[in-house]
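**Student:** If you scroll down you'll find the structure; I have some questions about it.
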Amino acid sequence: MLKPISRKTNKAMLTKLLAGIGGLLAAAISLGYSLYEKRQAEIIPQVAIATPVDAGRWKVSLSAGVIGGEMPNGSHIAPGKQVVAIDMVLENLSAESSNIYRDLIRLQNIPNAPKPQFYLMRDKDILWDMQPMMPEAVKAVWQVPADLTLPKELKVKVEGEKFKPRDNLYAAPGWFSAGSVAQVTLPLAPAPAPIPAAEAKP
Amino acid sequence: MRLVFLIVVIAVSMTVLAALQATTPPYAMLTGPIRTEGRQGETVSGTVFSAQIRQVQKAKTLAWDQFGRAVERQSSGTWVIVSAELQAMRETMPVRGATIIGTSGRLYHQSQRAQAAPNVLSAKTVQPGLPTTGIYIFEMPKEETRDMTLLLSRQYGPQLEDELAITLEQNGIVLREKMELGKNGI
């Protein structure tokens with residue numbers, strides 16, 4: 001009479017123990033994986049100036065940083081602001097025209113930098129859609145406070161995106177953030193003084 | 001015996017569920033556009049609008065007058081100008097979504113660089129009973145223009161709405177050096 005009861009309690013104990021071990025193991029694996037992912041994410045390759053960087057959706061090569069000067073399309077600069085700009089060659093690697101490049105480049109050593117405005121140098125006008133397989137010379141312009149002391153070198157991060165044929169919510173294809181893919185250090189040079197119109201024409 | 005039966009039942013149900021999951025059409029497809037196919041030259045009718053493609057032209061440079069000032073737009077590829085006649089069937093509507101599927105299957109939306117050109121259809125609204133003519137302008141690499149299909153819809157990314165897919169003819173397209181866009185189209 002005693003034996004079956006003890007077997008039952010033993011079995012119950014064993015089940016509980018197994019469940020406990022399973023839970024702890026799951027927690028440990030999850031913690032270890034997230035730590036590993038975090039460490040992996042911190043290693044961002046440093047890329048030389050004017051080297052093409054494949055950021056998934058975009059291919060970009062940053063060529064120069066410029067302080068001051070005018071807006072590429074001649075529009076006025078807001079009072080109390082100055083211009084920081086980066087020249088680059090941008091190419092749309094995705095399969096569709098797109099204007100979602102505003103989060104591609106992040107300034108590291110300028111605090112509270114706003115989102116940049118992109119200009120197409122071919123037209124000296126605001127850049128809209130980038131067509132696939134058509135690289136263009138582009139300028140990204142940030143307007144930052146005029147009294148901000150700017151660093152000698154601009155530290156820039158290029159943010160990657162990856163394609164998912166089916167996303168988790170709608171099973172629709174889309175591009176999703178994949179963390180930083182490269183770091184570039186650009187020297188900041190003052191913009192060349194604009195040539196007065198009278199001198200430009202001989 | 002019972003255990004074997006249980007394992008078989010679990011395996012079969014897993015297979016069935018996996019098959020069901022793999023063959024479920026995605027949401028994007030279920031709520032996708034209602035596509036009508038056709039060819040250049042014929043009137044292609046959807047449920048709320050129809051379109052007829054008249055001409056397709058290619059040019060290296062586009063030129064037009066904007067507020068009395070001459071504007072020129074160059075391209076590293078080529079400009080593709082499609083002239084079309086649109087008809088709305090039920091209500092006043094725009095036809096703003098215009099995309100060309102290139103040779104490689106990439107999607108080229110209308111070029112925003114030429115949106116200020118005269119007679120551009122995406123800036124117009126179509127009134128029922130009044131055929132509206134105009135142009136759509138695209139910028140694409142030259143090698144993408146060998147085989148083109150035009151997609152027209154009310155807006156980009158139509159969901160459960162009309163989308164006309166019109167195959168564009170390759171015969172008779174010449175690549176012009178420069179194309180002047182006037183008020184009367186091409």
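Residues are referred to by chain and number: the chain letter is A, B, ... according to the order shown in the structure tokens, the number counts from 1 in that chain, and ligands are numbered separately from 1 in the order shown.
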Would you mind listing, as a VMD selection string, all residues of chain B that have at least one atom within 7 Å of chain A, where only C-alpha atoms are what counts?

**Tutor:** chain B and resid 26 to 28 106 to 109 112 140 to 141

**Student:** Excluding Gln40 (chain B) and residues on its chain fewer than 2 positions from it, collect all residues at most 9 Å away from it, counting only C-alpha atoms, and give them as a list in words.

**Tutor:** Gly38, Glu42, Thr43, Val44, Gln52, Ile53, Arg54, Gln55, Ile166, Thr167, Leu168 and Glu169 of chain B

**Student:** Which polymer residues have any atom within 12 Å of an atom of Leu188 (chain A), counting only C-alpha atoms, with same-chain residues fewer than 5 positions away left out, as an mmCIF file with N, CA and C atoms, in the first residue's frame?

**Tutor:**
data_model
loop_
_atom_site.group_PDB
_atom_site.id
_atom_site.type_symbol
_atom_site.label_atom_id
_atom_site.label_comp_id
_atom_site.auth_asym_id
_atom_site.auth_seq_id
_atom_site.Cartn_x
_atom_site.Cartn_y
_atom_site.Cartn_z
ATOM 1 N N SER A 63 32.293 60.650 -49.094
ATOM 2 C CA SER A 63 33.554 61.171 -49.613
ATOM 3 C C SER A 63 34.101 62.361 -48.837
ATOM 4 N N ALA A 64 33.268 63.235 -48.311
ATOM 5 C CA ALA A 64 33.824 64.401 -47.623
ATOM 6 C C ALA A 64 32.807 65.022 -46.693
ATOM 7 N N GLY A 65 33.312 65.664 -45.648
ATOM 8 C CA GLY A 65 32.465 66.441 -44.753
ATOM 9 C C GLY A 65 32.749 67.922 -44.947
ATOM 10 N N VAL A 66 31.718 68.737 -44.919
ATOM 11 C CA VAL A 66 31.868 70.169 -45.180
ATOM 12 C C VAL A 66 31.146 70.941 -44.089
ATOM 13 N N ILE A 67 31.802 72.021 -43.595
ATOM 14 C CA ILE A 67 31.129 72.932 -42.662
ATOM 15 C C ILE A 67 30.787 74.199 -43.416
ATOM 16 N N GLY A 68 29.652 74.751 -43.089
ATOM 17 C CA GLY A 68 29.291 76.068 -43.603
ATOM 18 C C GLY A 68 28.912 76.020 -45.063
ATOM 19 N N VAL A 83 25.496 75.022 -41.238
ATOM 20 C CA VAL A 83 25.306 73.842 -42.072
ATOM 21 C C VAL A 83 26.469 72.870 -41.911
ATOM 22 N N VAL A 84 26.154 71.612 -41.685
ATOM 23 C CA VAL A 84 27.140 70.531 -41.759
ATOM 24 C C VAL A 84 26.657 69.598 -42.862
ATOM 25 N N ALA A 85 27.541 69.295 -43.798
ATOM 26 C CA ALA A 85 27.094 68.488 -44.937
ATOM 27 C C ALA A 85 28.068 67.356 -45.205
ATOM 28 N N ILE A 86 27.568 66.292 -45.793
ATOM 29 C CA ILE A 86 28.409 65.161 -46.210
ATOM 30 C C ILE A 86 28.123 64.868 -47.677
ATOM 31 N N ASP A 87 29.194 64.823 -48.463
ATOM 32 C CA ASP A 87 29.055 64.435 -49.868
ATOM 33 C C ASP A 87 29.170 62.931 -49.969
ATOM 34 N N LEU A 150 32.050 72.647 -33.474
ATOM 35 C CA LEU A 150 32.049 71.402 -34.243
ATOM 36 C C LEU A 150 33.386 70.691 -34.095
ATOM 37 N N PRO A 151 33.376 69.369 -34.096
ATOM 38 C CA PRO A 151 34.631 68.625 -34.011
ATOM 39 C C PRO A 151 35.434 68.756 -35.314
ATOM 40 N N LYS A 152 36.739 68.419 -35.242
ATOM 41 C CA LYS A 152 37.576 68.479 -36.453
ATOM 42 C C LYS A 152 37.240 67.342 -37.399
ATOM 43 N N GLU A 153 36.835 66.243 -36.795
ATOM 44 C CA GLU A 153 36.479 65.070 -37.604
ATOM 45 C C GLU A 153 35.061 64.648 -37.281
ATOM 46 N N LEU A 154 34.365 64.261 -38.315
ATOM 47 C CA LEU A 154 32.992 63.825 -38.141
ATOM 48 C C LEU A 154 32.982 62.300 -38.054
ATOM 49 N N LYS A 155 32.423 61.778 -36.958
ATOM 50 C CA LYS A 155 32.301 60.325 -36.838
ATOM 51 C C LYS A 155 30.879 59.941 -37.243
ATOM 52 N N VAL A 156 30.803 59.042 -38.210
ATOM 53 C CA VAL A 156 29.529 58.725 -38.833
ATOM 54 C C VAL A 156 29.291 57.230 -38.783
#

**Student:** Could you tell me how far CA of Ser6 (chain A) lies from CA of Ala19 (chain A), in Å and to one decimal?

**Tutor:**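 Computing it gives 19.8 Å between the two atoms.
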
**Student:** Identify all residues of region 71-172 of chain A in strand (DSSP E) (DSSP on the backbone) and supply them as an MDAnalysis selection string.

**Tutor:** chainID A and resid 81:92 105:107 117:120 125:126 136:145 153:164

**Student:** Would you export the selected residues with C-alpha atoms as a short mmCIF file (atom, residue, chain, number, x, y, z; two decimals), in the first residue's frame, please?

**Tutor:**
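Result file part_19.cif:
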data_model
loop_
_atom_site.label_atom_id
_atom_site.label_comp_id
_atom_site.auth_asym_id
_atom_site.auth_seq_id
_atom_site.Cartn_x
_atom_site.Cartn_y
_atom_site.Cartn_z
CA LYS A 81 21.89 77.72 -37.56
CA GLN A 82 24.91 76.53 -39.49
CA VAL A 83 25.31 73.84 -42.07
CA VAL A 84 27.14 70.53 -41.76
CA ALA A 85 27.09 68.49 -44.94
CA ILE A 86 28.41 65.16 -46.21
CA ASP A 87 29.05 64.44 -49.87
CA MET A 88 28.36 60.89 -50.94
CA VAL A 89 27.45 58.58 -53.75
CA LEU A 90 24.20 56.79 -53.02
CA GLU A 91 22.71 53.80 -54.80
CA ASN A 92 19.39 52.04 -54.27
CA ILE A 105 23.59 57.95 -41.81
CA ARG A 106 23.90 58.88 -38.17
CA LEU A 107 26.28 61.50 -36.79
CA GLN A 117 17.89 66.80 -45.77
CA PHE A 118 19.24 65.13 -48.90
CA TYR A 119 20.02 67.00 -52.11
CA LEU A 120 20.63 65.64 -55.60
CA ASP A 125 17.52 70.30 -55.77
CA ILE A 126 15.87 68.24 -53.05
CA GLU A 136 23.82 59.52 -57.86
CA ALA A 137 26.04 62.12 -56.20
CA VAL A 138 24.10 63.28 -53.18
CA LYS A 139 24.66 65.74 -50.35
CA ALA A 140 23.17 65.22 -46.91
CA VAL A 141 22.74 68.49 -45.01
CA TRP A 142 22.21 68.98 -41.29
CA GLN A 143 21.30 72.38 -39.84
CA VAL A 144 22.85 72.57 -36.37
CA PRO A 145 22.97 75.50 -33.90
CA GLU A 153 36.48 65.07 -37.60
CA LEU A 154 32.99 63.83 -38.14
CA LYS A 155 32.30 60.32 -36.84
CA VAL A 156 29.53 58.72 -38.83
CA LYS A 157 27.68 55.44 -38.55
CA VAL A 158 26.00 53.78 -41.51
CA GLU A 159 22.80 51.99 -40.52
CA GLY A 160 21.98 48.76 -42.31
CA GLU A 161 18.66 47.32 -43.33
CA LYS A 162 17.79 43.76 -44.21
CA PHE A 163 15.07 42.37 -46.41
CA LYS A 164 12.46 39.97 -45.11
#

**Student:** Go through B:Ala123, B:Pro25, B:Val56, B:Gly32 and flag the residue nearest Pro94 (chain B), using only C-alpha atoms for the distances.

**Tutor:**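 Using only C-alpha atoms, the shortest distance to Pro94 (chain B) belongs to B:Ala123.
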
**Student:** What does the distance from CA of Arg35 (chain B) to CA of Leu151 (chain B) come to in Å, to one decimal?

**Tutor:**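 Interatomic distance, CA of Arg35 (chain B) to CA of Leu151 (chain B): 9.1 Å.
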
**Student:** Using DSSP on the backbone coordinates, identify all residues within chain B classified as alpha helix (DSSP H); present the result as a ChimeraX atom specification.

**Tutor:** /B:2-23,27-30

**Student:** Kindly save the residues from that selection, with C-alpha atoms included, as a short mmCIF file (atom, residue, chain, number, x, y, z; two decimals), in the first residue's frame.

**Tutor:**
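Resulting contents of selection_36.cif:
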data_model
loop_
_atom_site.label_atom_id
_atom_site.label_comp_id
_atom_site.auth_asym_id
_atom_site.auth_seq_id
_atom_site.Cartn_x
_atom_site.Cartn_y
_atom_site.Cartn_z
CA ARG B 2 -1.09 3.16 -28.02
CA LEU B 3 2.20 4.99 -28.02
CA VAL B 4 2.80 4.20 -31.69
CA PHE B 5 -0.71 5.37 -32.52
CA LEU B 6 -0.11 8.60 -30.62
CA ILE B 7 3.17 9.26 -32.41
CA VAL B 8 1.58 8.62 -35.80
CA VAL B 9 -1.31 10.96 -35.02
CA ILE B 10 1.07 13.72 -33.89
CA ALA B 11 3.28 13.30 -36.96
CA VAL B 12 0.30 13.38 -39.34
CA SER B 13 -1.21 16.45 -37.69
CA MET B 14 2.16 18.25 -37.76
CA THR B 15 2.50 17.52 -41.48
CA VAL B 16 -1.04 18.74 -42.18
CA LEU B 17 -0.52 21.93 -40.16
CA ALA B 18 2.83 22.63 -41.83
CA ALA B 19 1.24 22.14 -45.26
CA LEU B 20 -1.62 24.47 -44.36
CA GLN B 21 0.79 27.11 -43.10
CA ALA B 22 3.04 26.87 -46.14
CA THR B 23 0.16 27.24 -48.59
CA TYR B 27 -1.99 38.95 -46.18
CA ALA B 28 -0.28 41.19 -48.72
CA MET B 29 -1.51 38.93 -51.51
CA LEU B 30 -5.04 38.57 -50.12
#

**Student:** In Å, how far is it from CA of Ser75 (chain A) to CA of Met121 (chain A)?

**Tutor:**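 CA of Met121 (chain A) lies 14.3 Å from CA of Ser75 (chain A).
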
**Student:** Could you pull the residues within 8 Å of Gln170 (chain B), counting only C-alpha atoms, minus those fewer than 3 positions along the same chain, as an NGL selection string?

**Tutor:** :B and (146-147 or 173)

**Student:** At a cut-off of 10 Å, using only C-alpha atoms, what residues contact Ser50 (chain B)? Leave out same-chain residues fewer than 6 positions from it and give the result as a ChimeraX atom specification.

**Tutor:** /B:36,43-44,85-89,131,152-153,162-164

**Student:** For the selection just defined, write its residues with N, CA and C atoms to a file, as a PDB file, in the first residue's frame.

**Tutor:**
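Output file selection-v8.pdb follows:
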ATOM      1  N   THR B  36      -5.730  43.914 -63.969  1.00  0.00           N
ATOM      2  CA  THR B  36      -6.243  43.675 -65.312  1.00  0.00           C
ATOM      3  C   THR B  36      -5.075  43.839 -66.270  1.00  0.00           C
ATOM      4  N   THR B  43      -7.576  49.674 -75.285  1.00  0.00           N
ATOM      5  CA  THR B  43      -8.119  50.257 -74.062  1.00  0.00           C
ATOM      6  C   THR B  43      -8.228  49.167 -73.011  1.00  0.00           C
ATOM      7  N   VAL B  44      -7.517  49.347 -71.920  1.00  0.00           N
ATOM      8  CA  VAL B  44      -7.512  48.351 -70.847  1.00  0.00           C
ATOM      9  C   VAL B  44      -8.425  48.868 -69.743  1.00  0.00           C
ATOM     10  N   GLU B  85      -4.219  57.969 -72.304  1.00  0.00           N
ATOM     11  CA  GLU B  85      -5.549  58.556 -72.147  1.00  0.00           C
ATOM     12  C   GLU B  85      -6.275  57.780 -71.063  1.00  0.00           C
ATOM     13  N   LEU B  86      -6.780  58.499 -70.078  1.00  0.00           N
ATOM     14  CA  LEU B  86      -7.436  57.850 -68.941  1.00  0.00           C
ATOM     15  C   LEU B  86      -8.922  58.168 -68.943  1.00  0.00           C
ATOM     16  N   GLN B  87      -9.716  57.226 -68.493  1.00  0.00           N
ATOM     17  CA  GLN B  87     -11.146  57.469 -68.327  1.00  0.00           C
ATOM     18  C   GLN B  87     -11.579  56.903 -66.992  1.00  0.00           C
ATOM     19  N   ALA B  88     -12.282  57.737 -66.227  1.00  0.00           N
ATOM     20  CA  ALA B  88     -12.863  57.248 -64.974  1.00  0.00           C
ATOM     21  C   ALA B  88     -14.283  56.798 -65.271  1.00  0.00           C
ATOM     22  N   MET B  89     -14.725  55.741 -64.588  1.00  0.00           N
ATOM     23  CA  MET B  89     -16.052  55.214 -64.902  1.00  0.00           C
ATOM     24  C   MET B  89     -17.112  55.662 -63.918  1.00  0.00           C
ATOM     25  N   PRO B 131     -12.494  62.011 -71.117  1.00  0.00           N
ATOM     26  CA  PRO B 131     -11.192  61.372 -71.287  1.00  0.00           C
ATOM     27  C   PRO B 131     -10.074  62.394 -71.038  1.00  0.00           C
ATOM     28  N   LEU B 152      -0.673  50.888 -63.545  1.00  0.00           N
ATOM     29  CA  LEU B 152      -1.394  52.119 -63.213  1.00  0.00           C
ATOM     30  C   LEU B 152      -2.401  51.828 -62.115  1.00  0.00           C
ATOM     31  N   SER B 153      -2.465  52.722 -61.132  1.00  0.00           N
ATOM     32  CA  SER B 153      -3.471  52.583 -60.080  1.00  0.00           C
ATOM     33  C   SER B 153      -3.775  53.959 -59.516  1.00  0.00           C
ATOM     34  N   ASP B 162      -8.285  48.613 -58.311  1.00  0.00           N
ATOM     35  CA  ASP B 162      -7.825  48.363 -59.671  1.00  0.00           C
ATOM     36  C   ASP B 162      -6.338  48.603 -59.849  1.00  0.00           C
ATOM     37  N   GLU B 163      -5.710  47.716 -60.616  1.00  0.00           N
ATOM     38  CA  GLU B 163      -4.353  47.970 -61.088  1.00  0.00           C
ATOM     39  C   GLU B 163      -4.306  47.465 -62.526  1.00  0.00           C
ATOM     40  N   LEU B 164      -3.966  48.351 -63.446  1.00  0.00           N
ATOM     41  CA  LEU B 164      -3.853  47.950 -64.838  1.00  0.00           C
ATOM     42  C   LEU B 164      -2.394  47.629 -65.133  1.00  0.00           C
TER      43      LEU B 164
END

**Student:** For Gly105 (chain B), work out the shell of residues within 9 Å, counting only C-alpha atoms and skipping chain neighbours fewer than 2 positions away, then give it as a ChimeraX atom specification.

**Tutor:** /A:95 /B:101-103,107,144,148

**Student:** From the options B:Ile34, B:Met93, B:Ile100, B:Ala114, which residue's atoms come nearest to Gln74 (chain B), counting only C-alpha atoms?

**Tutor:** B:Ala114

**Student:** Measuring atom to atom with only C-alpha atoms, identify which of B:Gln57, B:Gln159, B:Ser45, B:Thr145 is nearest to Ser83 (chain B).

**Tutor:**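 That would be B:Gln57, the residue with the smallest distance to Ser83 (chain B).
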